[in-house]
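Enquirer: Dropping in structure00.cif, with mmCIF, C-alpha atoms.
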data_model
#
loop_
_atom_site.group_PDB
_atom_site.id
_atom_site.type_symbol
_atom_site.label_atom_id
_atom_site.label_comp_id
_atom_site.auth_asym_id
_atom_site.auth_seq_id
_atom_site.Cartn_x
_atom_site.Cartn_y
_atom_site.Cartn_z
ATOM 1 C CA MET A 1 382.922 95.043 210.107
ATOM 2 C CA THR A 2 384.653 93.803 206.949
ATOM 3 C CA ILE A 3 386.323 90.425 206.935
ATOM 4 C CA GLY A 4 388.754 89.841 204.089
ATOM 5 C CA PRO A 5 389.286 91.789 200.898
ATOM 6 C CA ALA A 6 386.494 93.283 198.790
ATOM 7 C CA THR A 7 384.718 91.109 196.250
ATOM 8 C CA VAL A 8 383.992 92.586 192.834
ATOM 9 C CA VAL A 9 381.112 91.127 190.829
ATOM 10 C CA ILE A 10 380.467 92.123 187.240
ATOM 11 C CA ILE A 11 377.076 91.310 185.736
ATOM 12 C CA ALA A 12 376.638 91.739 182.015
ATOM 13 C CA GLU A 13 373.657 93.776 180.869
ATOM 14 C CA HIS A 14 370.949 91.546 179.381
ATOM 15 C CA LYS A 15 370.579 92.165 175.683
ATOM 16 C CA HIS A 16 368.362 90.538 173.106
ATOM 17 C CA PRO A 17 370.208 89.272 170.034
ATOM 18 C CA MET A 18 369.716 91.101 166.782
ATOM 19 C CA PRO A 19 367.108 89.146 164.760
ATOM 20 C CA SER A 20 369.509 88.953 161.817
ATOM 21 C CA THR A 21 372.087 87.203 164.005
ATOM 22 C CA VAL A 22 369.620 84.452 164.860
ATOM 23 C CA THR A 23 368.534 83.923 161.237
ATOM 24 C CA GLU A 24 371.609 84.842 159.178
ATOM 25 C CA GLY A 25 374.286 83.743 161.613
ATOM 26 C CA ILE A 26 377.850 84.709 162.338
ATOM 27 C CA THR A 27 381.352 84.127 160.987
ATOM 28 C CA LEU A 28 384.206 82.441 162.838
ATOM 29 C CA PHE A 29 387.974 82.622 162.540
ATOM 30 C CA THR A 30 390.247 79.912 163.921
ATOM 31 C CA THR A 31 392.727 81.632 166.186
ATOM 32 C CA HIS A 32 396.269 80.528 166.963
ATOM 33 C CA VAL A 33 395.443 81.031 170.669
ATOM 34 C CA ARG A 34 394.741 77.602 172.144
ATOM 35 C CA ARG A 35 392.585 76.660 175.085
ATOM 36 C CA ALA A 36 394.639 76.241 178.234
ATOM 37 C CA THR A 37 395.485 72.935 179.839
ATOM 38 C CA PRO A 38 394.252 72.170 183.365
ATOM 39 C CA ASP A 39 397.763 72.494 184.809
ATOM 40 C CA THR A 40 398.015 76.160 183.727
ATOM 41 C CA LEU A 41 394.417 77.426 183.820
ATOM 42 C CA ASP A 42 391.657 74.847 184.070
ATOM 43 C CA PRO A 43 389.395 75.537 181.055
ATOM 44 C CA LYS A 44 386.401 74.105 182.928
ATOM 45 C CA LEU A 45 386.539 76.925 185.474
ATOM 46 C CA ASN A 46 384.888 80.254 184.789
ATOM 47 C CA ALA A 47 387.953 82.035 186.163
ATOM 48 C CA HIS A 48 388.836 85.694 186.410
ATOM 49 C CA SER A 49 391.611 85.332 183.851
ATOM 50 C CA LYS A 50 390.057 85.418 180.405
ATOM 51 C CA LEU A 51 393.231 86.642 178.718
ATOM 52 C CA ASN A 52 393.412 83.810 176.180
ATOM 53 C CA ASP A 53 389.718 84.302 175.271
ATOM 54 C CA ILE A 54 390.259 88.053 174.892
ATOM 55 C CA GLN A 55 393.352 87.525 172.740
ATOM 56 C CA ALA A 56 391.396 85.076 170.574
ATOM 57 C CA CYS A 57 388.495 87.518 170.252
ATOM 58 C CA ILE A 58 390.822 90.355 169.206
ATOM 59 C CA GLN A 59 392.490 88.148 166.603
ATOM 60 C CA ALA A 60 389.124 87.066 165.160
ATOM 61 C CA TYR A 61 387.821 90.639 165.092
ATOM 62 C CA THR A 62 391.010 91.824 163.380
ATOM 63 C CA ALA A 63 390.503 89.079 160.780
ATOM 64 C CA GLY A 64 386.963 90.367 160.141
ATOM 65 C CA ALA A 65 385.091 87.584 161.943
ATOM 66 C CA ASP A 66 382.452 87.781 164.663
ATOM 67 C CA GLU A 67 384.030 85.291 167.042
ATOM 68 C CA ALA A 68 387.088 83.067 167.444
ATOM 69 C CA LEU A 69 387.047 79.306 167.074
ATOM 70 C CA MET A 70 389.586 77.867 169.491
ATOM 71 C CA LEU A 71 391.422 74.565 169.318
ATOM 72 C CA ASP A 72 392.532 72.417 172.217
ATOM 73 C CA PRO A 73 396.243 71.797 172.916
ATOM 74 C CA HIS A 74 396.114 68.765 170.580
ATOM 75 C CA GLY A 75 394.672 70.686 167.614
ATOM 76 C CA PHE A 76 391.069 69.488 167.897
ATOM 77 C CA VAL A 77 388.115 71.890 167.966
ATOM 78 C CA ALA A 78 387.404 72.944 171.559
ATOM 79 C CA THR A 79 385.046 75.936 171.749
ATOM 80 C CA CYS A 80 384.727 79.597 170.804
ATOM 81 C CA ASN A 81 386.008 82.543 172.797
ATOM 82 C CA SER A 82 382.575 83.240 174.344
ATOM 83 C CA THR A 83 380.207 80.557 173.019
ATOM 84 C CA HIS A 84 380.199 76.796 172.428
ATOM 85 C CA PHE A 85 380.674 75.395 168.925
ATOM 86 C CA PHE A 86 378.643 72.640 167.241
ATOM 87 C CA CYS A 87 378.654 71.269 163.707
ATOM 88 C CA VAL A 88 376.194 69.081 161.835
ATOM 89 C CA VAL A 89 377.696 66.113 160.013
ATOM 90 C CA GLU A 90 375.706 64.160 157.447
ATOM 91 C CA ARG A 91 375.639 60.381 157.923
ATOM 92 C CA ASP A 92 373.839 57.641 155.983
ATOM 93 C CA ASP A 93 371.220 57.344 158.737
ATOM 94 C CA GLY A 94 370.735 61.103 159.120
ATOM 95 C CA PRO A 95 372.517 64.150 160.458
ATOM 96 C CA GLU A 96 374.559 64.075 163.651
ATOM 97 C CA VAL A 97 375.301 67.057 165.869
ATOM 98 C CA TRP A 98 378.911 67.178 167.071
ATOM 99 C CA THR A 99 380.472 69.280 169.811
ATOM 100 C CA SER A 100 383.800 68.984 171.580
ATOM 101 C CA ASP A 101 384.343 66.291 174.170
ATOM 102 C CA GLY A 102 384.233 69.028 176.807
ATOM 103 C CA ARG A 103 387.741 68.640 178.231
ATOM 104 C CA PHE A 104 388.797 72.147 177.184
ATOM 105 C CA CYS A 105 385.661 74.241 177.678
ATOM 106 C CA LEU A 106 383.173 75.308 180.314
ATOM 107 C CA ALA A 107 380.296 72.907 180.849
ATOM 108 C CA GLY A 108 377.877 75.563 179.571
ATOM 109 C CA ILE A 109 374.213 75.569 180.568
ATOM 110 C CA THR A 110 373.004 76.339 177.045
ATOM 111 C CA ARG A 111 375.402 73.734 175.610
ATOM 112 C CA GLY A 112 374.007 71.128 177.996
ATOM 113 C CA ASN A 113 370.418 72.099 177.233
ATOM 114 C CA VAL A 114 371.008 71.812 173.471
ATOM 115 C CA LEU A 115 372.486 68.331 173.988
ATOM 116 C CA ARG A 116 369.403 67.485 176.080
ATOM 117 C CA VAL A 117 367.052 68.858 173.408
ATOM 118 C CA CYS A 118 368.831 66.744 170.786
ATOM 119 C CA ARG A 119 368.496 63.622 172.926
ATOM 120 C CA ASP A 120 364.809 64.274 173.631
ATOM 121 C CA ALA A 121 364.061 64.905 169.932
ATOM 122 C CA GLY A 122 365.909 61.802 168.718
ATOM 123 C CA ILE A 123 368.714 63.820 167.087
ATOM 124 C CA THR A 124 372.041 62.042 167.417
ATOM 125 C CA ALA A 125 374.443 64.297 169.321
ATOM 126 C CA ARG A 126 378.046 63.415 170.066
ATOM 127 C CA GLU A 127 380.582 64.950 172.405
ATOM 128 C CA THR A 128 383.765 63.967 170.606
ATOM 129 C CA THR A 129 387.074 65.138 169.232
ATOM 130 C CA PHE A 130 387.044 66.439 165.660
ATOM 131 C CA SER A 131 389.255 68.521 163.422
ATOM 132 C CA LEU A 132 388.924 71.663 161.345
ATOM 133 C CA THR A 133 388.622 69.419 158.273
ATOM 134 C CA ASP A 134 385.404 68.028 159.785
ATOM 135 C CA VAL A 135 384.182 71.589 160.396
ATOM 136 C CA TYR A 136 384.937 72.747 156.855
ATOM 137 C CA SER A 137 382.987 69.820 155.390
ATOM 138 C CA ALA A 138 380.017 70.091 157.808
ATOM 139 C CA SER A 139 376.549 70.661 156.370
ATOM 140 C CA GLU A 140 375.709 73.173 159.118
ATOM 141 C CA ALA A 141 377.326 74.742 162.154
ATOM 142 C CA PHE A 142 376.119 76.783 165.098
ATOM 143 C CA VAL A 143 377.149 78.237 168.421
ATOM 144 C CA THR A 144 375.279 78.341 171.709
ATOM 145 C CA GLY A 145 375.295 81.030 174.342
ATOM 146 C CA THR A 146 373.269 82.494 177.156
ATOM 147 C CA PHE A 147 371.860 85.527 175.351
ATOM 148 C CA ALA A 148 371.208 84.274 171.816
ATOM 149 C CA GLY A 149 370.584 80.580 172.443
ATOM 150 C CA VAL A 150 371.323 78.797 169.155
ATOM 151 C CA VAL A 151 372.999 80.892 166.413
ATOM 152 C CA PRO A 152 373.934 79.581 162.949
ATOM 153 C CA VAL A 153 377.491 79.888 161.626
ATOM 154 C CA ARG A 154 377.801 81.022 157.985
ATOM 155 C CA SER A 155 381.517 80.501 157.552
ATOM 156 C CA VAL A 156 384.698 79.453 159.299
ATOM 157 C CA ASP A 157 388.028 80.866 158.145
ATOM 158 C CA GLY A 158 386.360 82.261 155.033
ATOM 159 C CA ARG A 159 385.010 78.833 154.052
ATOM 160 C CA THR A 160 381.251 78.668 153.628
ATOM 161 C CA ILE A 161 379.609 76.062 155.850
ATOM 162 C CA GLY A 162 376.924 74.128 153.974
ATOM 163 C CA THR A 163 374.964 76.619 151.911
ATOM 164 C CA GLY A 164 376.071 79.554 154.046
ATOM 165 C CA ALA A 165 372.529 79.956 155.340
ATOM 166 C CA ARG A 166 370.745 78.631 158.412
ATOM 167 C CA GLY A 167 370.069 74.958 157.768
ATOM 168 C CA PRO A 168 367.152 72.738 158.756
ATOM 169 C CA VAL A 169 368.843 71.145 161.781
ATOM 170 C CA VAL A 170 369.827 74.530 163.234
ATOM 171 C CA GLU A 171 366.350 75.942 162.599
ATOM 172 C CA ARG A 172 364.763 72.912 164.278
ATOM 173 C CA LEU A 173 367.102 73.195 167.270
ATOM 174 C CA GLN A 174 366.321 76.908 167.605
ATOM 175 C CA GLY A 175 362.631 76.030 167.848
ATOM 176 C CA LEU A 176 363.151 73.164 170.288
ATOM 177 C CA TYR A 177 365.467 75.233 172.458
ATOM 178 C CA GLY A 178 362.964 78.114 172.440
ATOM 179 C CA GLU A 179 360.252 75.724 173.601
ATOM 180 C CA LEU A 180 362.518 74.467 176.412
ATOM 181 C CA VAL A 181 363.210 78.023 177.588
ATOM 182 C CA ALA A 182 359.517 78.989 177.416
ATOM 183 C CA ALA A 183 358.543 75.888 179.447
ATOM 184 C CA ASP A 184 361.219 76.726 182.038
ATOM 185 C CA VAL A 185 359.942 80.316 182.352
ATOM 186 C CA ARG A 186 356.334 79.089 182.705
ATOM 187 C CA SER A 187 357.349 76.645 185.435
ATOM 188 C CA ARG A 188 358.861 79.502 187.463
ATOM 189 C CA SER A 189 355.821 81.814 187.236
#
Have the structure of the file written as structure tokens, please.
Expert:
Amino acid sequence: MTIGPATVVIIAEHKHPMPSTVTEGITLFTTHVRRATPDTLDPKLNAHSKLNDIQACIQAYTAGADEALMLDPHGFVATCNSTHFFCVVERDDGPEVWTSDGRFCLAGITRGNVLRVCRDAGITARETTFSLTDVYSASEAFVTGTFAGVVPVRSVDGRTIGTGARGPVVERLQGLYGELVAADVRSRS
């Protein structure tokens, strides 16, 4: 007996990231497609409608980038079309890791774990609002996602971030995140 309509579940095939992606990074393009507001499509929900993310991805791909950087309705950096965005900002007392304040993106398990890793390692991490100007002047940038973990960003909108290569903070976070994942896998064996 069937009660109610059919449910369709799509599970992405697990893929390992290309090694060059993890070491050399990706490029981003800031799309004109903004993250939705909660009154139209709550950006904190992993909903069926991903139209704005797909439109952003197509625009970034057409511009020659790997992924789209998306702004919130107020013009601040929100997230990417399929990953979460972070930048590293140099301060007098050391580098700080910045990510959006979270109002216009999914909570993100990997995002949360990277914030946790930062906290545990004594790396200052802030969930805050910041602009593209802050991104363009960052010393490093990276994205987080389920499959690749922590991936460096070489450029945004054709502007080189830092040296254009994976920086020391990103490399350290890749190691710390890898250790966290390995410990989690061991605890489940």
Enquirer: Hey, which bits of stretch 9-116 of chain A sit within 6 Å of stretch 128-138 of chain A, and for each residue what's the closest pair of atoms and how far apart in Å (one decimal), counting all atoms listed in the file, rows by chain and increasing number, as CSV?
Expert:
residue,atom,partner,partner_atom,distance
A:Phe76,CA,A:Ser131,CA,4.9
A:Val77,CA,A:Ser131,CA,5.8
A:Val88,CA,A:Ala138,CA,5.6
A:Val89,CA,A:Ala138,CA,5.1
A:Ser100,CA,A:Thr128,CA,5.1
A:Asp101,CA,A:Thr128,CA,4.3
Enquirer: Please indicate the distance in Å from atom CA of A:Ala125 to atom CA of A:Trp98, rounded to one decimal place.
Expert: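 The value is 5.8 Å.
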Enquirer: Between atom CA of A:His74 and atom CA of A:Val143, what distance in Å does the model show, to one decimal?
Expert: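 It comes out at 21.3 Å.
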Enquirer: Run the PyMOL selection byres ((chain A and resi 67) around 12) on the file and write out the hits as a ChimeraX atom specification.
Expert: /A:25-31,53-66,68-70,79-85,142-143,151,153-157
Enquirer: If we count all atoms listed in the file, what is near A:Cys87 at a cut-off of 6 Å, once residues fewer than 6 positions away on the same chain are taken out, given as a ChimeraX atom specification?
Expert: /A:97-98,140-141
Enquirer: Atom CA of A:Pro73 and atom CA of A:Leu51 are how many Å apart?
Expert: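 Distance reported for this atom pair: 16.2 Å.
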Enquirer: Name the residues that the PyMOL selection byres ((chain A and resi 171-185) around 9) picks from the file above, as a tab-separated table (two decimals) with C-alpha atoms, in the frame of the given file, using the file's chain letters and numbers.
Expert:
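Result file follows (selection.tsv):
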chain	number	residue	atom	x	y	z
A	22	VAL	CA	369.62	84.45	164.86
A	23	THR	CA	368.53	83.92	161.24
A	110	THR	CA	373.00	76.34	177.04
A	113	ASN	CA	370.42	72.10	177.23
A	114	VAL	CA	371.01	71.81	173.47
A	117	VAL	CA	367.05	68.86	173.41
A	118	CYS	CA	368.83	66.74	170.79
A	121	ALA	CA	364.06	64.90	169.93
A	149	GLY	CA	370.58	80.58	172.44
A	150	VAL	CA	371.32	78.80	169.16
A	151	VAL	CA	373.00	80.89	166.41
A	152	PRO	CA	373.93	79.58	162.95
A	166	ARG	CA	370.74	78.63	158.41
A	167	GLY	CA	370.07	74.96	157.77
A	168	PRO	CA	367.15	72.74	158.76
A	169	VAL	CA	368.84	71.14	161.78
A	170	VAL	CA	369.83	74.53	163.23
A	186	ARG	CA	356.33	79.09	182.70
A	187	SER	CA	357.35	76.64	185.44
A	188	ARG	CA	358.86	79.50	187.46
A	189	SER	CA	355.82	81.81	187.24
